[in-house]
Amino acid sequence: MRLHAKWVLPIDAPPIENGVVEITGDTITAVGQLAGPNRDLGDVVFLPGLINAHCHFDYTQIAVPYRESFTEWIRDIVAEKAKQTPADYLAGIQAGMKLALHAGTTTVVNIECFPGLIPQLPASPLRVIWCPELIDLVKRPELPADGMGLSPHAPYTASAELYRRCAQSRRFITTHVAESIEEDEMFRQGRGKLYDAFRQRGRDMSDCGRIGPVELLHSYGVLGGNCLAAHANCLTAEDVRLLAETGTSVVHCPKTHRYFQRAPAPVAALLAAGVNVCLGTDSLASNDTLNMFAEMRELARGFPDLLPAQIVAMTTANAAKALNQSDRLGRIAEGSVADLIAVPMDGHADPYEAVVLAEKPVAFMMLNGCQI
Ligand SMILES: [Zn+2]
């Protein structure tokens with residue numbers, strides 16, 4: 001099958017005007033200005049399906065209004081979670097997957113509290129990187145089966161021992177780190193709301209009051225090419241250097257960032273240091289959509305100096321790199337999986353701009369070579 005579009009964005013090569021993508025089975029077999037018959041998709045830009053690098057489908061049906069601080073939000077979401085039944089979670093996960101697909105997302109890194117529900121989900125074309133959430137405040141969890149990622153939750157809920165086990169497995173790890181000022185205060189200074197909340201719960205606080213959470217993860221051997229650090233909002237220059245030097249990727253969640261009314265994220269410093277940055281929605285407990293176009297728009301609004309091409313890379317090639325799947329995902333290149341979307345040009349002259357500022361729905365979508 002050959003598909004023609006006004007523009008094709010290979011992502012790691014210049015845009016191709018009047019480009020054609022050839023698909024054989026589930027794989028892209030050629031891309032360029034290819035001669036011969038094709039199906040014309042018209043005045044659209046063709047790009048790899050979007051990758052949401054941080055999501056929690058579990059919370060699709062849980063709304064948690066922001067009250068005062070991150071610590072209250074955590075408390076509220078734990079209380080809301082306790083009210084949900086397995087059937088609620090199952091429905092929420094399915095609803096979240098549908099929302100993601102509907103908005104042109106083809107791959108999602110999903111942090112999953114209830115991996116036992118996964119076999120009960122109906123078949124979906126969406127490519128989900130399931131990363132069971134691991135917390136050992138109460139008991140020592142088993143690592144999930146091979147084929148899944150690992151998500152030790154955060155330095156305040158996962159112990160050094162748990163992080164070390166995850167790191168030693170050499171599997172893909174994603175973890176929340178340096179997300180809030182309260183977390184920063186807890187580890188660097190040994191005080192604050194989050195510190196007090198966990199001390200009251202009986203957590204061993206001997207890791208607090210010394211170094212920041214990024215350095216702490218580094219001391220556990222977690223940082224590196226297998227690690228995707230979620231949020232990483234509160235960073236010193238040394239933290240940025242550590243993330244860059246170890247090849248750790250970072251996922252920024254622009255709309256969730258705004259929801260928590262945080263100080264501007266260190267996106268520019270991370271990019272300047274050469275850190276691989278991708279984007280995520282986080283969950284509907286801190287966002288009103290699971291739509292990566294909305295995240296791109298929010299990022300562009302907050303960081304007007306970023307080029308549209310940089311922003312599109314964050315939702316495609318950079319995310320694929322974070323997953324160590326650059327050979328399969330996030331690019332339109334020979335040998336990549338045929339996960340493709342088409343976005344209307346809608347009067348824009350620049351194809352990257354048409355994607356970042358897209359307002360119309362995705363005009364065409366293909367996952368694994370099958371049109372959706
Ligand atoms: Zn999260």
# chains A, B, ... in the order shown; residues from 1 in each chain; ligands from 1
$ residues_near_ligand --ligand "ligand 1" --cutoff "7 Å" --atoms "only C-alpha atoms and all ligand atoms" --output "PyMOL selection string"
chain A and resi 54-56+176+230+282-283
$ write_last_selection --atoms "C-alpha atoms" --output "compact mmCIF listing (two decimals), in the first residue's frame"
# COMPACT_ATOMS: atom_id res chain seq x y z
CA HIS A 54 3.43 9.22 30.94
CA CYS A 55 -0.11 8.18 31.71
CA HIS A 56 -2.20 6.44 34.38
CA HIS A 176 8.21 9.93 39.34
CA ALA A 230 8.68 11.55 35.04
CA ASP A 282 -0.33 12.17 33.16
CA SER A 283 -3.87 11.18 34.19
$ select_by_dssp --residues "segment 80-117 of chain A" --states "strand (DSSP E)" --output "PyMOL selection string"
chain A and resi 105-112
$ write_last_selection --atoms "C-alpha atoms" --output "PDB file, in the first residue's frame"
ATOM      1  CA  THR A 105      -1.956   8.458  20.103  1.00  0.00           C
ATOM      2  CA  THR A 106      -0.622   5.067  19.046  1.00  0.00           C
ATOM      3  CA  THR A 107       1.689   4.223  21.973  1.00  0.00           C
ATOM      4  CA  VAL A 108       1.237   4.934  25.678  1.00  0.00           C
ATOM      5  CA  VAL A 109       3.578   4.378  28.600  1.00  0.00           C
ATOM      6  CA  ASN A 110       0.975   3.462  31.198  1.00  0.00           C
ATOM      7  CA  ILE A 111       1.708   3.138  34.885  1.00  0.00           C
ATOM      8  CA  GLU A 112      -0.598   0.440  36.167  1.00  0.00           C
TER       9      GLU A 112
END
$ closest_residue --among "A:Leu271, A:Tyr66, A:Asp40, A:Leu47" --to "Asp12 of chain A" --atoms "only C-alpha atoms"
A:Leu47
$ residues_around --residues "Ile23 of chain A" --least-positions-apart "3" --cutoff "8 Å" --atoms "only C-alpha atoms" --output "mmCIF file with C-alpha atoms, in the first residue's frame"
data_model
loop_
_atom_site.group_PDB
_atom_site.id
_atom_site.type_symbol
_atom_site.label_atom_id
_atom_site.label_comp_id
_atom_site.auth_asym_id
_atom_site.auth_seq_id
_atom_site.Cartn_x
_atom_site.Cartn_y
_atom_site.Cartn_z
ATOM 1 C CA MET A 1 0.000 0.000 0.000
ATOM 2 C CA ARG A 2 1.253 3.488 -0.883
ATOM 3 C CA ASP A 26 2.782 -3.888 9.552
ATOM 4 C CA THR A 27 6.022 -2.272 8.396
ATOM 5 C CA ILE A 28 7.061 0.874 6.525
ATOM 6 C CA THR A 29 9.032 -0.332 3.527
ATOM 7 C CA ALA A 30 9.811 2.940 1.709
ATOM 8 C CA ALA A 338 3.474 1.402 10.425
ATOM 9 C CA GLY A 369 -0.290 -1.351 9.409
#
$ closest_residue --among "A:Val31, A:Ile62, A:Ile16, A:Met97" --to "Ser336 of chain A" --atoms "only C-alpha atoms"
A:Val31
$ residues_around --residues "Val20 of chain A" --least-positions-apart "2" --cutoff "6 Å" --atoms "only C-alpha atoms" --output "list of chain:residue names"
A:Leu3, A:His4, A:Val31, A:Gly32, A:Gln33, A:Leu34
$ atom_distance --atom1 "atom CA of Glu185 of chain A" --atom2 "atom CA of Gly224 of chain A"
24.4 Å
$ residues_around --residues "Thr281 of chain A" --least-positions-apart "4" --cutoff "7 Å" --atoms "only C-alpha atoms" --output "list in words"
Asn52, His54, Cys55, Cys253, Lys255, Thr256, Leu290, Asn291, Met292 and Glu295 of chain A
$ write_last_selection --atoms "C-alpha atoms" --output "mmCIF file, in the first residue's frame"
data_model
loop_
_atom_site.group_PDB
_atom_site.id
_atom_site.type_symbol
_atom_site.label_atom_id
_atom_site.label_comp_id
_atom_site.auth_asym_id
_atom_site.auth_seq_id
_atom_site.Cartn_x
_atom_site.Cartn_y
_atom_site.Cartn_z
ATOM 1 C CA ASN A 52 2.242 9.509 25.320
ATOM 2 C CA HIS A 54 3.428 9.225 30.935
ATOM 3 C CA CYS A 55 -0.115 8.176 31.714
ATOM 4 C CA CYS A 253 3.596 16.790 31.354
ATOM 5 C CA LYS A 255 -0.992 20.462 31.276
ATOM 6 C CA THR A 256 -0.533 18.614 34.560
ATOM 7 C CA LEU A 290 -5.525 12.513 27.350
ATOM 8 C CA ASN A 291 -4.695 14.352 24.134
ATOM 9 C CA MET A 292 -1.066 14.825 23.101
ATOM 10 C CA GLU A 295 0.100 18.899 25.484
#
$ atom_distance --atom1 "atom CA of Glu215 of chain A" --atom2 "atom CA of Ala272 of chain A"
19.8 Å
$ atom_distance --atom1 "atom CA of Pro344 of chain A" --atom2 "atom CA of Leu299 of chain A"
20.4 Å
$ residues_around --residues "segment 146-153 of chain A" --least-positions-apart "5" --cutoff "9 Å" --atoms "only C-alpha atoms" --output "ChimeraX atom specification"
/A:109,111-112,129-136,158-159,162-163,166,171-177
$ residues_around --residues "Ser249 of chain A" --least-positions-apart "2" --cutoff "9 Å" --atoms "only C-alpha atoms" --output "number ranges by chain"
A: 223-230, 243-244, 247, 251, 275-278, 318-319, 321-322
$ closest_residue --among "A:Arg127, A:Arg39, A:Lys83, A:Lys139" --to "Ala100 of chain A" --atoms "only C-alpha atoms"
A:Arg127
$ closest_residue --among "A:Phe70, A:Thr157, A:Val337, A:Asp76" --to "His257 of chain A" --atoms "only C-alpha atoms"
A:Phe70
$ closest_residue --among "A:Glu17, A:Gln84, A:Gln94, A:Arg328" --to "Ser124 of chain A" --atoms "only C-alpha atoms"
A:Gln94
